[in-house]
>>> print(open('upload_36.pdb').read())   # PDB, C-alpha atoms
ATOM      1  CA  MET A   1      56.823  68.090 142.408
ATOM      2  CA  ASP A   2      53.954  65.638 142.980
ATOM      3  CA  LEU A   3      52.969  66.272 139.370
ATOM      4  CA  LEU A   4      56.245  64.686 138.241
ATOM      5  CA  GLU A   5      55.540  61.331 139.868
ATOM      6  CA  GLY A   6      55.455  58.811 137.015
ATOM      7  CA  ALA A   7      55.804  61.474 134.317
ATOM      8  CA  TYR A   8      57.528  61.021 130.960
ATOM      9  CA  ASP A   9      59.291  63.690 128.947
ATOM     10  CA  LEU A  10      59.135  62.432 125.372
ATOM     11  CA  HIS A  11      61.383  65.159 123.935
ATOM     12  CA  VAL A  12      64.849  65.502 125.527
ATOM     13  CA  HIS A  13      68.104  66.520 123.819
ATOM     14  CA  SER A  14      70.910  64.903 125.822
ATOM     15  CA  ALA A  15      74.572  64.173 125.223
ATOM     16  CA  PRO A  16      76.563  62.603 123.721
ATOM     17  CA  ASP A  17      75.546  64.603 120.671
ATOM     18  CA  VAL A  18      76.996  66.592 117.799
ATOM     19  CA  LEU A  19      75.389  69.690 119.303
ATOM     20  CA  PRO A  20      76.368  71.092 122.734
ATOM     21  CA  ARG A  21      74.135  69.785 125.509
ATOM     22  CA  LEU A  22      73.556  70.646 129.153
ATOM     23  CA  MET A  23      73.683  67.061 130.425
ATOM     24  CA  ASP A  24      74.541  63.587 129.214
ATOM     25  CA  ASP A  25      72.325  60.539 129.539
ATOM     26  CA  ILE A  26      74.033  59.340 132.703
ATOM     27  CA  GLU A  27      73.203  62.581 134.475
ATOM     28  CA  MET A  28      69.729  62.629 132.951
ATOM     29  CA  GLY A  29      69.021  59.095 134.134
ATOM     30  CA  LYS A  30      69.890  60.088 137.679
ATOM     31  CA  ARG A  31      67.758  63.225 137.518
ATOM     32  CA  ILE A  32      64.780  61.238 136.250
ATOM     33  CA  THR A  33      65.197  58.736 139.084
ATOM     34  CA  ASP A  34      65.660  61.391 141.768
ATOM     35  CA  SER A  35      62.695  63.471 140.572
ATOM     36  CA  GLY A  36      60.251  60.569 140.649
ATOM     37  CA  MET A  37      59.637  60.735 136.928
ATOM     38  CA  ALA A  38      59.218  57.475 135.032
ATOM     39  CA  GLY A  39      61.347  58.105 131.957
ATOM     40  CA  TYR A  40      62.344  60.154 128.961
ATOM     41  CA  VAL A  41      62.969  59.824 125.225
ATOM     42  CA  ILE A  42      66.418  60.683 123.888
ATOM     43  CA  LYS A  43      66.150  62.839 120.778
ATOM     44  CA  SER A  44      69.022  63.320 118.357
ATOM     45  CA  HIS A  45      68.722  65.103 115.027
ATOM     46  CA  TYR A  46      71.362  62.792 113.587
ATOM     47  CA  PHE A  47      71.508  59.327 115.188
ATOM     48  CA  CYS A  48      69.312  56.501 116.432
ATOM     49  CA  THR A  49      69.401  56.561 120.238
ATOM     50  CA  ALA A  50      67.930  53.146 121.050
ATOM     51  CA  GLU A  51      71.261  51.638 122.063
ATOM     52  CA  ARG A  52      72.041  54.558 124.403
ATOM     53  CA  ALA A  53      68.642  54.187 126.005
ATOM     54  CA  GLU A  54      69.184  50.488 126.677
ATOM     55  CA  LEU A  55      72.419  51.224 128.550
ATOM     56  CA  ILE A  56      70.766  53.903 130.690
ATOM     57  CA  ARG A  57      67.938  51.522 131.609
ATOM     58  CA  LYS A  58      70.545  49.058 132.895
ATOM     59  CA  LEU A  59      72.434  51.761 134.786
ATOM     60  CA  TYR A  60      69.243  53.235 136.292
ATOM     61  CA  PRO A  61      66.514  50.563 136.520
ATOM     62  CA  GLY A  62      64.103  53.204 137.838
ATOM     63  CA  CYS A  63      64.479  55.306 134.718
ATOM     64  CA  GLU A  64      62.817  54.142 131.526
ATOM     65  CA  ALA A  65      65.086  55.795 128.997
ATOM     66  CA  LEU A  66      63.711  55.293 125.501
ATOM     67  CA  GLY A  67      65.283  55.608 122.075
ATOM     68  CA  ALA A  68      64.195  57.258 118.862
ATOM     69  CA  VAL A  69      65.286  58.001 115.324
ATOM     70  CA  THR A  70      64.922  61.247 113.340
ATOM     71  CA  LEU A  71      64.667  60.957 109.554
ATOM     72  CA  ASN A  72      67.235  63.578 108.549
ATOM     73  CA  SER A  73      70.018  63.125 105.997
ATOM     74  CA  ALA A  74      72.382  61.554 108.540
ATOM     75  CA  VAL A  75      70.274  58.358 108.577
ATOM     76  CA  GLY A  76      69.455  58.491 104.868
ATOM     77  CA  GLY A  77      66.312  60.615 105.131
ATOM     78  CA  ILE A  78      63.052  58.734 104.617
ATOM     79  CA  ASN A  79      64.873  55.448 104.959
ATOM     80  CA  PRO A  80      62.750  52.344 105.659
ATOM     81  CA  THR A  81      65.855  50.317 106.547
ATOM     82  CA  ALA A  82      66.860  52.827 109.234
ATOM     83  CA  VAL A  83      63.345  52.750 110.689
ATOM     84  CA  GLU A  84      63.218  48.954 110.630
ATOM     85  CA  MET A  85      66.560  48.728 112.456
ATOM     86  CA  ALA A  86      65.411  51.344 114.973
ATOM     87  CA  GLY A  87      62.244  49.367 115.599
ATOM     88  CA  ARG A  88      64.173  46.142 116.096
ATOM     89  CA  ALA A  89      66.465  47.946 118.535
ATOM     90  CA  GLY A  90      63.479  49.082 120.593
ATOM     91  CA  ALA A  91      63.213  52.723 119.513
ATOM     92  CA  LYS A  92      59.814  54.169 120.420
ATOM     93  CA  ILE A  93      59.551  57.365 118.356
ATOM     94  CA  VAL A  94      60.147  58.035 114.670
ATOM     95  CA  TRP A  95      60.550  61.762 114.139
ATOM     96  CA  PHE A  96      60.085  62.927 110.581
ATOM     97  CA  PRO A  97      62.655  65.470 109.288
ATOM     98  CA  THR A  98      63.639  68.376 111.514
ATOM     99  CA  CYS A  99      66.633  70.434 110.382
ATOM    100  CA  ASP A 100      66.702  68.815 106.934
ATOM    101  CA  ASN A 101      63.091  69.540 106.052
ATOM    102  CA  ALA A 102      62.774  72.114 103.259
ATOM    103  CA  HIS A 103      60.039  73.980 105.140
ATOM    104  CA  GLU A 104      62.255  74.377 108.217
ATOM    105  CA  ARG A 105      65.319  75.315 106.179
ATOM    106  CA  ALA A 106      63.397  78.051 104.341
ATOM    107  CA  TYR A 107      62.206  79.525 107.634
ATOM    108  CA  VAL A 108      65.679  79.551 109.212
ATOM    109  CA  PHE A 109      67.632  80.640 106.131
ATOM    110  CA  ASP A 110      65.276  83.454 105.148
ATOM    111  CA  GLY A 111      67.958  85.911 104.083
ATOM    112  CA  ASN A 112      67.907  87.938 107.295
ATOM    113  CA  PRO A 113      71.593  88.628 108.105
ATOM    114  CA  ASP A 114      70.771  89.570 111.712
ATOM    115  CA  LYS A 115      68.842  86.405 112.494
ATOM    116  CA  LYS A 116      70.227  84.253 115.301
ATOM    117  CA  LEU A 117      70.740  80.802 113.830
ATOM    118  CA  PRO A 118      70.279  77.563 115.757
ATOM    119  CA  TYR A 119      73.334  75.373 116.310
ATOM    120  CA  TRP A 120      72.266  72.899 113.641
ATOM    121  CA  ALA A 121      72.225  75.696 111.060
ATOM    122  CA  GLN A 122      75.802  76.566 111.919
ATOM    123  CA  ILE A 123      76.776  72.940 111.332
ATOM    124  CA  LEU A 124      75.157  73.060 107.890
ATOM    125  CA  ILE A 125      77.129  76.192 107.053
ATOM    126  CA  GLN A 126      80.376  74.582 108.197
ATOM    127  CA  MET A 127      79.682  71.454 106.159
ATOM    128  CA  LYS A 128      78.873  73.500 103.061
ATOM    129  CA  GLU A 129      82.164  75.352 103.410
ATOM    130  CA  GLN A 130      83.896  71.964 103.497
ATOM    131  CA  GLY A 131      82.055  70.733 100.416
ATOM    132  CA  ILE A 132      79.838  68.290 102.333
ATOM    133  CA  THR A 133      76.180  68.367 101.375
ATOM    134  CA  ALA A 134      73.211  67.591 103.569
ATOM    135  CA  PRO A 135      70.288  67.547 101.140
ATOM    136  CA  THR A 136      66.771  68.365 102.190
ATOM    137  CA  VAL A 137      64.531  65.402 102.920
ATOM    138  CA  ASP A 138      61.184  65.238 101.132
ATOM    139  CA  ILE A 139      58.148  63.116 101.902
ATOM    140  CA  PHE A 140      56.389  64.214  98.700
ATOM    141  CA  ASP A 141      57.175  63.199  95.141
ATOM    142  CA  GLU A 142      57.008  65.565  92.156
ATOM    143  CA  ASN A 143      53.189  65.252  92.163
ATOM    144  CA  ARG A 144      52.904  66.321  95.827
ATOM    145  CA  LYS A 145      51.985  62.796  96.848
ATOM    146  CA  LEU A 146      53.643  60.823  99.626
ATOM    147  CA  THR A 147      56.637  58.913  98.312
ATOM    148  CA  ALA A 148      56.786  55.129  98.262
ATOM    149  CA  ALA A 149      59.527  55.268 100.904
ATOM    150  CA  THR A 150      57.267  57.331 103.172
ATOM    151  CA  ILE A 151      54.463  54.790 102.820
ATOM    152  CA  SER A 152      56.921  52.017 103.652
ATOM    153  CA  VAL A 153      58.091  53.894 106.753
ATOM    154  CA  LEU A 154      54.486  54.254 107.924
ATOM    155  CA  GLU A 155      53.944  50.525 107.534
ATOM    156  CA  ILE A 156      57.069  49.791 109.591
ATOM    157  CA  ILE A 157      55.969  52.221 112.314
ATOM    158  CA  ALA A 158      52.618  50.427 112.480
ATOM    159  CA  LYS A 159      54.262  46.984 112.536
ATOM    160  CA  HIS A 160      56.505  47.860 115.491
ATOM    161  CA  ASN A 161      53.777  49.925 117.193
ATOM    162  CA  MET A 162      56.097  52.931 117.292
ATOM    163  CA  ILE A 163      55.064  56.561 117.675
ATOM    164  CA  LEU A 164      55.070  58.868 114.651
ATOM    165  CA  ALA A 165      56.147  62.433 115.463
ATOM    166  CA  THR A 166      55.588  65.015 112.743
ATOM    167  CA  SER A 167      58.610  67.196 113.617
ATOM    168  CA  HIS A 168      59.167  70.309 111.470
ATOM    169  CA  ILE A 169      57.375  69.377 108.266
ATOM    170  CA  SER A 170      54.977  71.811 106.586
ATOM    171  CA  HIS A 171      51.240  71.851 107.204
ATOM    172  CA  GLU A 172      50.551  70.355 103.782
ATOM    173  CA  GLU A 173      52.973  67.523 104.502
ATOM    174  CA  CYS A 174      51.638  67.022 108.016
ATOM    175  CA  PHE A 175      47.998  66.635 107.060
ATOM    176  CA  ALA A 176      48.844  64.242 104.216
ATOM    177  CA  LEU A 177      51.139  62.207 106.465
ATOM    178  CA  VAL A 178      48.755  61.976 109.415
ATOM    179  CA  LYS A 179      45.792  60.967 107.239
ATOM    180  CA  GLU A 180      47.835  58.254 105.524
ATOM    181  CA  ALA A 181      49.321  57.055 108.800
ATOM    182  CA  ALA A 182      45.891  56.633 110.366
ATOM    183  CA  SER A 183      44.669  54.703 107.333
ATOM    184  CA  ARG A 184      47.662  52.334 107.561
ATOM    185  CA  GLY A 185      47.235  51.410 111.185
ATOM    186  CA  VAL A 186      49.603  53.826 112.921
ATOM    187  CA  LYS A 187      47.962  54.101 116.333
ATOM    188  CA  ASN A 188      50.203  56.665 117.993
ATOM    189  CA  ILE A 189      50.830  60.087 116.435
ATOM    190  CA  ILE A 190      52.298  63.221 118.007
ATOM    191  CA  ILE A 191      51.991  66.637 116.387
ATOM    192  CA  THR A 192      55.394  67.960 117.420
ATOM    193  CA  HIS A 193      55.341  71.238 119.393
ATOM    194  CA  ALA A 194      52.075  72.334 117.826
ATOM    195  CA  ASP A 195      52.615  75.958 118.856
ATOM    196  CA  PHE A 196      56.203  76.320 117.573
ATOM    197  CA  PRO A 197      56.727  79.152 115.035
ATOM    198  CA  THR A 198      57.606  76.937 112.061
ATOM    199  CA  THR A 199      54.906  74.397 112.874
ATOM    200  CA  PHE A 200      52.190  76.593 114.381
ATOM    201  CA  TYR A 201      48.737  75.015 114.065
ATOM    202  CA  THR A 202      45.520  76.863 114.799
ATOM    203  CA  ILE A 203      43.090  75.373 117.281
ATOM    204  CA  GLN A 204      40.845  74.302 114.420
ATOM    205  CA  GLU A 205      43.746  72.587 112.659
ATOM    206  CA  GLN A 206      44.707  70.828 115.856
ATOM    207  CA  LEU A 207      41.154  69.614 116.351
ATOM    208  CA  GLU A 208      41.139  68.269 112.800
ATOM    209  CA  LEU A 209      44.430  66.436 113.344
ATOM    210  CA  SER A 210      43.196  65.017 116.621
ATOM    211  CA  GLY A 211      40.329  63.492 114.671
ATOM    212  CA  TYR A 212      42.889  61.095 113.192
ATOM    213  CA  GLY A 213      43.999  60.054 116.671
ATOM    214  CA  ALA A 214      46.904  62.495 116.968
ATOM    215  CA  VAL A 215      47.850  64.205 120.228
ATOM    216  CA  MET A 216      49.261  67.722 120.394
ATOM    217  CA  GLU A 217      52.658  68.236 121.998
ATOM    218  CA  HIS A 218      53.350  71.454 123.904
ATOM    219  CA  CYS A 219      56.951  72.074 124.921
ATOM    220  CA  TYR A 220      58.460  74.157 127.699
ATOM    221  CA  THR A 221      61.145  75.697 125.502
ATOM    222  CA  THR A 222      58.683  77.186 123.015
ATOM    223  CA  TRP A 223      57.314  79.754 125.456
ATOM    224  CA  ALA A 224      60.326  79.835 127.814
ATOM    225  CA  THR A 225      62.512  81.098 124.948
ATOM    226  CA  LYS A 226      59.800  83.596 123.970
ATOM    227  CA  LYS A 227      59.061  81.976 120.630
ATOM    228  CA  ILE A 228      55.421  82.260 121.615
ATOM    229  CA  ASP A 229      53.447  83.718 124.490
ATOM    230  CA  LEU A 230      52.589  81.234 127.237
ATOM    231  CA  ASN A 231      48.956  82.355 127.193
ATOM    232  CA  THR A 232      48.645  81.233 123.568
ATOM    233  CA  SER A 233      49.853  77.753 124.515
ATOM    234  CA  ILE A 234      47.479  77.565 127.469
ATOM    235  CA  GLU A 235      44.587  78.707 125.287
ATOM    236  CA  GLN A 236      45.322  75.884 122.851
ATOM    237  CA  ILE A 237      45.673  73.323 125.645
ATOM    238  CA  LYS A 238      42.329  74.301 127.154
ATOM    239  CA  ALA A 239      40.637  74.220 123.740
ATOM    240  CA  LEU A 240      41.912  70.739 122.897
ATOM    241  CA  GLY A 241      41.356  69.302 126.370
ATOM    242  CA  PRO A 242      43.725  67.146 128.443
ATOM    243  CA  ASP A 243      42.958  63.906 126.589
ATOM    244  CA  ARG A 244      44.511  65.268 123.389
ATOM    245  CA  VAL A 245      47.627  66.987 124.749
ATOM    246  CA  ILE A 246      51.027  65.918 126.062
ATOM    247  CA  ILE A 247      53.555  68.146 127.795
ATOM    248  CA  SER A 248      57.245  67.785 126.913
ATOM    249  CA  THR A 249      60.229  70.070 127.356
ATOM    250  CA  ASP A 250      62.465  69.960 124.228
ATOM    251  CA  LEU A 251      65.248  70.791 126.710
ATOM    252  CA  GLY A 252      68.930  69.970 126.827
ATOM    253  CA  GLN A 253      70.363  73.223 125.504
ATOM    254  CA  LYS A 254      73.482  74.450 127.316
ATOM    255  CA  THR A 255      71.862  77.772 128.195
ATOM    256  CA  SER A 256      68.631  76.405 129.673
ATOM    257  CA  ILE A 257      67.420  74.436 132.693
ATOM    258  CA  TYR A 258      67.192  70.653 133.112
ATOM    259  CA  PRO A 259      64.213  68.775 131.641
ATOM    260  CA  ASP A 260      62.827  67.703 135.030
ATOM    261  CA  GLN A 261      62.951  71.347 136.120
ATOM    262  CA  GLY A 262      61.188  72.365 132.908
ATOM    263  CA  MET A 263      58.401  69.847 133.486
ATOM    264  CA  ALA A 264      57.941  71.120 137.049
ATOM    265  CA  GLU A 265      57.876  74.741 135.900
ATOM    266  CA  TYR A 266      55.328  73.970 133.177
ATOM    267  CA  GLY A 267      53.166  72.157 135.715
ATOM    268  CA  LYS A 268      53.254  75.198 137.990
ATOM    269  CA  LYS A 269      52.206  77.485 135.129
ATOM    270  CA  LEU A 270      49.306  75.194 134.230
ATOM    271  CA  LEU A 271      48.102  75.126 137.836
ATOM    272  CA  GLU A 272      48.275  78.923 137.961
ATOM    273  CA  ALA A 273      46.175  79.018 134.778
ATOM    274  CA  GLY A 274      43.406  77.108 136.520
ATOM    275  CA  ILE A 275      43.996  73.678 135.009
ATOM    276  CA  LYS A 276      43.155  70.890 137.458
ATOM    277  CA  GLU A 277      45.893  68.670 138.848
ATOM    278  CA  ASP A 278      44.195  65.526 137.507
ATOM    279  CA  ASP A 279      44.168  67.029 134.017
ATOM    280  CA  ILE A 280      47.833  67.976 134.278
ATOM    281  CA  ARG A 281      48.692  64.416 135.256
ATOM    282  CA  LYS A 282      46.889  63.219 132.143
ATOM    283  CA  MET A 283      49.193  65.424 130.067
ATOM    284  CA  PHE A 284      52.302  64.449 132.080
ATOM    285  CA  VAL A 285      51.712  60.742 132.736
ATOM    286  CA  LEU A 286      48.635  58.987 131.392
ATOM    287  CA  ASN A 287      48.694  60.140 127.781
ATOM    288  CA  GLN A 288      52.392  59.263 127.499
ATOM    289  CA  ARG A 289      51.715  55.811 128.937
ATOM    290  CA  LYS A 290      49.001  55.308 126.315
ATOM    291  CA  LEU A 291      51.366  56.331 123.527
ATOM    292  CA  LEU A 292      53.993  53.925 124.849
ATOM    293  CA  GLY A 293      51.466  51.061 124.954
ATOM    294  CA  LYS A 294      51.506  50.713 128.732
ATOM    295  CA  ILE A 295      47.755  51.166 129.234
TER     296      ILE A 295
END
>>> encode(input="upload_36.pdb", output="structure tokens")
Amino acid sequence: MDLLEGAYDLHVHSAPDVLPRLMDDIEMGKRITDSGMAGYVIKSHYFCTAERAELIRKLYPGCEALGAVTLNSAVGGINPTAVEMAGRAGAKIVWFPTCDNAHERAYVFDGNPDKKLPYWAQILIQMKEQGITAPTVDIFDENRKLTAATISVLEIIAKHNMILATSHISHEECFALVKEAASRGVKNIIITHADFPTTFYTIQEQLELSGYGAVMEHCYTTWATKKIDLNTSIEQIKALGPDRVIISTDLGQKTSIYPDQGMAEYGKKLLEAGIKEDDIRKMFVLNQRKLLGKI
């Protein structure tokens, strides 16, 4: 538990939400405070969470709850106005499309009738049955170049010193986005769960992305739900080194454990794999503080 002292989980799915969640922000704020962690970022696929985070900070002064916005259809997709308002409200992370990215949709809806669908996919099916469309969100134009709206979003992220998270976009999109972001002054970039099936990056690809200042995110849920073997994640972490990795959980699902428990369990696994405690604290505390502009 000493590893949790001052730690941040930058990827937490808490309630209230459209999707079922294990805990709400009030409970999460208390758990963060009781565990000795410093804070967490509230992730929603559909709404800006900056206002929720501000209330939790007032309720639990020892918990730095932080807001974010995800650029899915619910906020207008690649919408500079939504990002500007999120920045003014104090949101710290801008996630690019998750469930509304064409690459992610193609992976989930691959025609396999026996495939277990995530909750968000079930919502899409329900909406379609009701005649409500949720179009895919593209960051490329017809010439496979970043759209003007995407460029504008990058400029707003840089202006507010927010963090860009790549989410579930394709490799082609990711490399184009990260290169452009770095050239436009975006200082903080997270490659979202770099070992996740739909976003899996090789060690060489991760090293290339880190050359643009990006850090690789590794999440508890990816290996805990057997989407990938833990040893593969640890191999990637060791290859990149602690300065270029952050540990998050991606937790909040009704069937899983709490995020603070997930962080502790991940820390235990890393220790068992021979990673030094100081290096784990870099990936739990120091790198997150750098991304948040605290050091």
>>> atom_distance(input="upload_36.pdb", atom1="CA of Thr49 (chain A)", atom2="CA of Ala86 (chain A)")
8.4 Å
>>> closest_residue(input="upload_36.pdb", among="A:Thr133, A:Gln236, A:Thr221, A:Asn287", to="Asn188 (chain A)", atoms="only C-alpha atoms")
A:Asn287
>>> closest_residue(input="upload_36.pdb", among="A:Leu292, A:Met283, A:Ile234, A:Ile151", to="Ser248 (chain A)", atoms="all atoms listed in the file")
A:Met283
>>> axis_aligned_box(input="upload_36.pdb", around="region 65-73 of chain A", padding_each_side="6 Å", output="AutoDock Vina command-line options")
--center_x 66.9 --center_y 59.4 --center_z 117.5 --size_x 18.3 --size_y 20.3 --size_z 35.0
>>> atom_distance(input="upload_36.pdb", atom1="CA of Ala165 (chain A)", atom2="CA of Lys116 (chain A)")
26.0 Å
>>> resolve_selection(input="upload_36.pdb", expression="the PyMOL selection byres ((chain A and resi 219) around 10)", output="JSON list (two decimals) with C-alpha atoms, in the frame of the given file")
[["chain", "number", "residue", "atom", "x", "y", "z"],
["A", 9, "ASP", "CA", 59.29, 63.69, 128.95],
["A", 10, "LEU", "CA", 59.14, 62.43, 125.37],
["A", 11, "HIS", "CA", 61.38, 65.16, 123.94],
["A", 192, "THR", "CA", 55.39, 67.96, 117.42],
["A", 193, "HIS", "CA", 55.34, 71.24, 119.39],
["A", 194, "ALA", "CA", 52.08, 72.33, 117.83],
["A", 195, "ASP", "CA", 52.62, 75.96, 118.86],
["A", 196, "PHE", "CA", 56.20, 76.32, 117.57],
["A", 216, "MET", "CA", 49.26, 67.72, 120.39],
["A", 217, "GLU", "CA", 52.66, 68.24, 122.00],
["A", 218, "HIS", "CA", 53.35, 71.45, 123.90],
["A", 220, "TYR", "CA", 58.46, 74.16, 127.70],
["A", 221, "THR", "CA", 61.14, 75.70, 125.50],
["A", 222, "THR", "CA", 58.68, 77.19, 123.02],
["A", 223, "TRP", "CA", 57.31, 79.75, 125.46],
["A", 224, "ALA", "CA", 60.33, 79.83, 127.81],
["A", 233, "SER", "CA", 49.85, 77.75, 124.52],
["A", 246, "ILE", "CA", 51.03, 65.92, 126.06],
["A", 247, "ILE", "CA", 53.56, 68.15, 127.80],
["A", 248, "SER", "CA", 57.24, 67.78, 126.91],
["A", 249, "THR", "CA", 60.23, 70.07, 127.36],
["A", 250, "ASP", "CA", 62.46, 69.96, 124.23],
["A", 251, "LEU", "CA", 65.25, 70.79, 126.71],
["A", 262, "GLY", "CA", 61.19, 72.36, 132.91],
["A", 263, "MET", "CA", 58.40, 69.85, 133.49],
["A", 266, "TYR", "CA", 55.33, 73.97, 133.18]]
>>> closest_residue(input="upload_36.pdb", among="A:Ile32, A:Val75, A:Ala176, A:Ile191", to="Ser44 (chain A)", atoms="only C-alpha atoms")
A:Val75
>>> atom_distance(input="upload_36.pdb", atom1="CA of Arg184 (chain A)", atom2="CA of Cys99 (chain A)")
26.4 Å
>>> residues_near_point(input="upload_36.pdb", point="(50.3, 81.6, 134.5)", cutoff="12 Å", atoms="all atoms listed in the file", output="number ranges by chain")
A: 223, 229-235, 265-275
>>> resolve_selection(input="upload_36.pdb", expression="the PyMOL selection byres ((chain A and resi 19-25) around 8)", output="list of chain:residue names")
A:His13, A:Ser14, A:Ala15, A:Pro16, A:Asp17, A:Val18, A:Ile26, A:Glu27, A:Met28, A:Gly29, A:Arg52, A:Ile56, A:Tyr119, A:Trp120, A:Gly252, A:Gln253, A:Lys254, A:Thr255, A:Ser256, A:Tyr258
